[in-house]
Amino acid sequence: MKNLRHNKILELIEQYPIDRQEDLLAKLKEAGFQVTQATVSRDIRQLRLVKAAAGDGKYRYTVSPSNQPTQAPSRFETVFRASVLEIDSANNIVVVKCHSGMASAACEVFDLVSWEGVVGTLAGENTFLIIARSEEAAGKLKAEMQNLIR
């Protein structure tokens with residue numbers, strides 16, 4: 001859950017000119033995260049967010065350029081690893097089992113990546129399906145994704 005919240009915070013500060021913890025807390029609550037002021041404060045420290053000039057004379061939270069890791073995992077990898085429990089396939093369908101309530105988030109980040117041979121996806125509460133064009137494509141997808149969660 002922490003990884004999802006951190007990813008959401010990074011998304012929010014990129015999308016909105018947030019300059020106060022209270023504003024970030026409100027945006028997180030709008031997005032469905034039940035957090036406290038103390039949690040938001042801790043997240044800001046852990047993410048190494050700083051306030052920087054926004055160009056309009058105001059300030060906003062941003063990731064400190066000097067503290068960004070050079071090989072940071074992508075949003076896809078972070079959410080996927082935190083969500084997925086097991087990956088299996090049958091014919092041209094890949095079945096991705098997730099922690100309860102996480103399938104939708106894992107499917108969402110999966111859909112943001114361009115995958116060869118994918119027709120579409122369908123997410124539920126704790127499982128999402130990937131419909132591939134062929135058994136071979138499903139096998140390749142399964143192998144790639146299993147490598148990501150190991």
# chains A, B, ... in the order shown; residues from 1 in each chain; ligands from 1

call {"tool": "select_by_dssp", "arguments": {"residues": "chain A", "states": "alpha helix (DSSP H)", "output": "PyMOL selection string"}}
result
chain A and resi 2-15+21-30+37-46+75-83+103-112+135-149

call {"tool": "residues_around", "arguments": {"residues": "region 28-36 of chain A", "least_positions_apart": "3", "cutoff": "9 Å", "atoms": "only C-alpha atoms", "output": "list in words"}}
result
Arg5, Lys8, Ile9, Leu12, Asp23, Leu24, Leu25, Thr39, Val40 and Ser41 of chain A

call {"tool": "write_last_selection", "arguments": {"atoms": "C-alpha atoms", "output": "PDB file, in the first residue's frame"}}
result
ATOM      1  CA  ARG A   5       0.600   5.771  -2.061  1.00  0.00           C
ATOM      2  CA  LYS A   8       0.168   8.442  -6.229  1.00  0.00           C
ATOM      3  CA  ILE A   9       1.997  11.259  -4.399  1.00  0.00           C
ATOM      4  CA  LEU A  12      -0.187  14.241  -7.804  1.00  0.00           C
ATOM      5  CA  ASP A  23      -3.289  20.081   0.075  1.00  0.00           C
ATOM      6  CA  LEU A  24      -1.453  16.825  -0.595  1.00  0.00           C
ATOM      7  CA  LEU A  25      -3.417  15.126   2.191  1.00  0.00           C
ATOM      8  CA  THR A  39       1.868   9.765   7.263  1.00  0.00           C
ATOM      9  CA  VAL A  40       1.994  12.455   4.573  1.00  0.00           C
ATOM     10  CA  SER A  41       4.864  14.172   6.393  1.00  0.00           C
TER      11      SER A  41
END

call {"tool": "atom_distance", "arguments": {"atom1": "CA of Glu11 (chain A)", "atom2": "CA of Lys58 (chain A)"}}
result
19.4 Å

call {"tool": "closest_residue", "arguments": {"among": "A:Ala105, A:Ala52, A:Arg20, A:Arg60", "to": "Phe80 (chain A)", "atoms": "only C-alpha atoms"}}
result
A:Ala105

call {"tool": "closest_residue", "arguments": {"among": "A:Phe128, A:Gln15, A:Trp115, A:Ile87", "to": "Ser100 (chain A)", "atoms": "only C-alpha atoms"}}
result
A:Phe128

call {"tool": "residues_around", "arguments": {"residues": "Ala143 (chain A)", "least_positions_apart": "6", "cutoff": "10 Å", "atoms": "only C-alpha atoms", "output": "MDAnalysis selection string"}}
result
chainID A and resid 87:89 137

call {"tool": "write_last_selection", "arguments": {"atoms": "C-alpha atoms", "output": "mmCIF file, in the first residue's frame"}}
result
data_model
loop_
_atom_site.group_PDB
_atom_site.id
_atom_site.type_symbol
_atom_site.label_atom_id
_atom_site.label_comp_id
_atom_site.auth_asym_id
_atom_site.auth_seq_id
_atom_site.Cartn_x
_atom_site.Cartn_y
_atom_site.Cartn_z
ATOM 1 C CA ILE A 87 1.066 -15.422 -12.782
ATOM 2 C CA ASP A 88 -0.274 -18.333 -14.821
ATOM 3 C CA SER A 89 -1.585 -18.881 -18.324
ATOM 4 C CA ALA A 137 2.460 -14.360 -27.005
#

call {"tool": "residues_around", "arguments": {"residues": "Val119 (chain A)", "least_positions_apart": "5", "cutoff": "7 Å", "atoms": "only C-alpha atoms", "output": "PyMOL selection string"}}
result
chain A and resi 131-133

call {"tool": "write_last_selection", "arguments": {"atoms": "all heavy atoms", "output": "PDB file, in the first residue's frame"}}
result
ATOM      1  N   ILE A 131      -5.590 -10.867 -22.360  1.00  0.00           N
ATOM      2  CA  ILE A 131      -5.919 -11.676 -23.529  1.00  0.00           C
ATOM      3  C   ILE A 131      -4.861 -11.391 -24.585  1.00  0.00           C
ATOM      4  O   ILE A 131      -4.693 -10.250 -25.030  1.00  0.00           O
ATOM      5  CB  ILE A 131      -7.336 -11.360 -24.068  1.00  0.00           C
ATOM      6  CG1 ILE A 131      -8.411 -11.746 -23.039  1.00  0.00           C
ATOM      7  CG2 ILE A 131      -7.602 -12.137 -25.354  1.00  0.00           C
ATOM      8  CD1 ILE A 131      -8.742 -10.703 -22.070  1.00  0.00           C
ATOM      9  N   ALA A 132      -4.137 -12.422 -24.934  1.00  0.00           N
ATOM     10  CA  ALA A 132      -3.054 -12.308 -25.918  1.00  0.00           C
ATOM     11  C   ALA A 132      -3.554 -12.788 -27.280  1.00  0.00           C
ATOM     12  O   ALA A 132      -4.552 -13.495 -27.378  1.00  0.00           O
ATOM     13  CB  ALA A 132      -1.857 -13.131 -25.464  1.00  0.00           C
ATOM     14  N   ARG A 133      -2.832 -12.413 -28.320  1.00  0.00           N
ATOM     15  CA  ARG A 133      -3.215 -12.810 -29.683  1.00  0.00           C
ATOM     16  C   ARG A 133      -2.968 -14.293 -29.945  1.00  0.00           C
ATOM     17  O   ARG A 133      -3.623 -14.880 -30.810  1.00  0.00           O
ATOM     18  CB  ARG A 133      -2.447 -11.994 -30.714  1.00  0.00           C
ATOM     19  CG  ARG A 133      -2.813 -10.541 -30.699  1.00  0.00           C
ATOM     20  CD  ARG A 133      -2.736  -9.907 -32.070  1.00  0.00           C
ATOM     21  NE  ARG A 133      -3.156  -8.519 -31.973  1.00  0.00           N
ATOM     22  CZ  ARG A 133      -4.422  -8.131 -32.046  1.00  0.00           C
ATOM     23  NH1 ARG A 133      -5.360  -8.996 -32.233  1.00  0.00           N
ATOM     24  NH2 ARG A 133      -4.735  -6.857 -31.930  1.00  0.00           N
TER      25      ARG A 133
END

call {"tool": "atom_distance", "arguments": {"atom1": "CA of Ala53 (chain A)", "atom2": "CA of Glu22 (chain A)"}}
result
18.6 Å
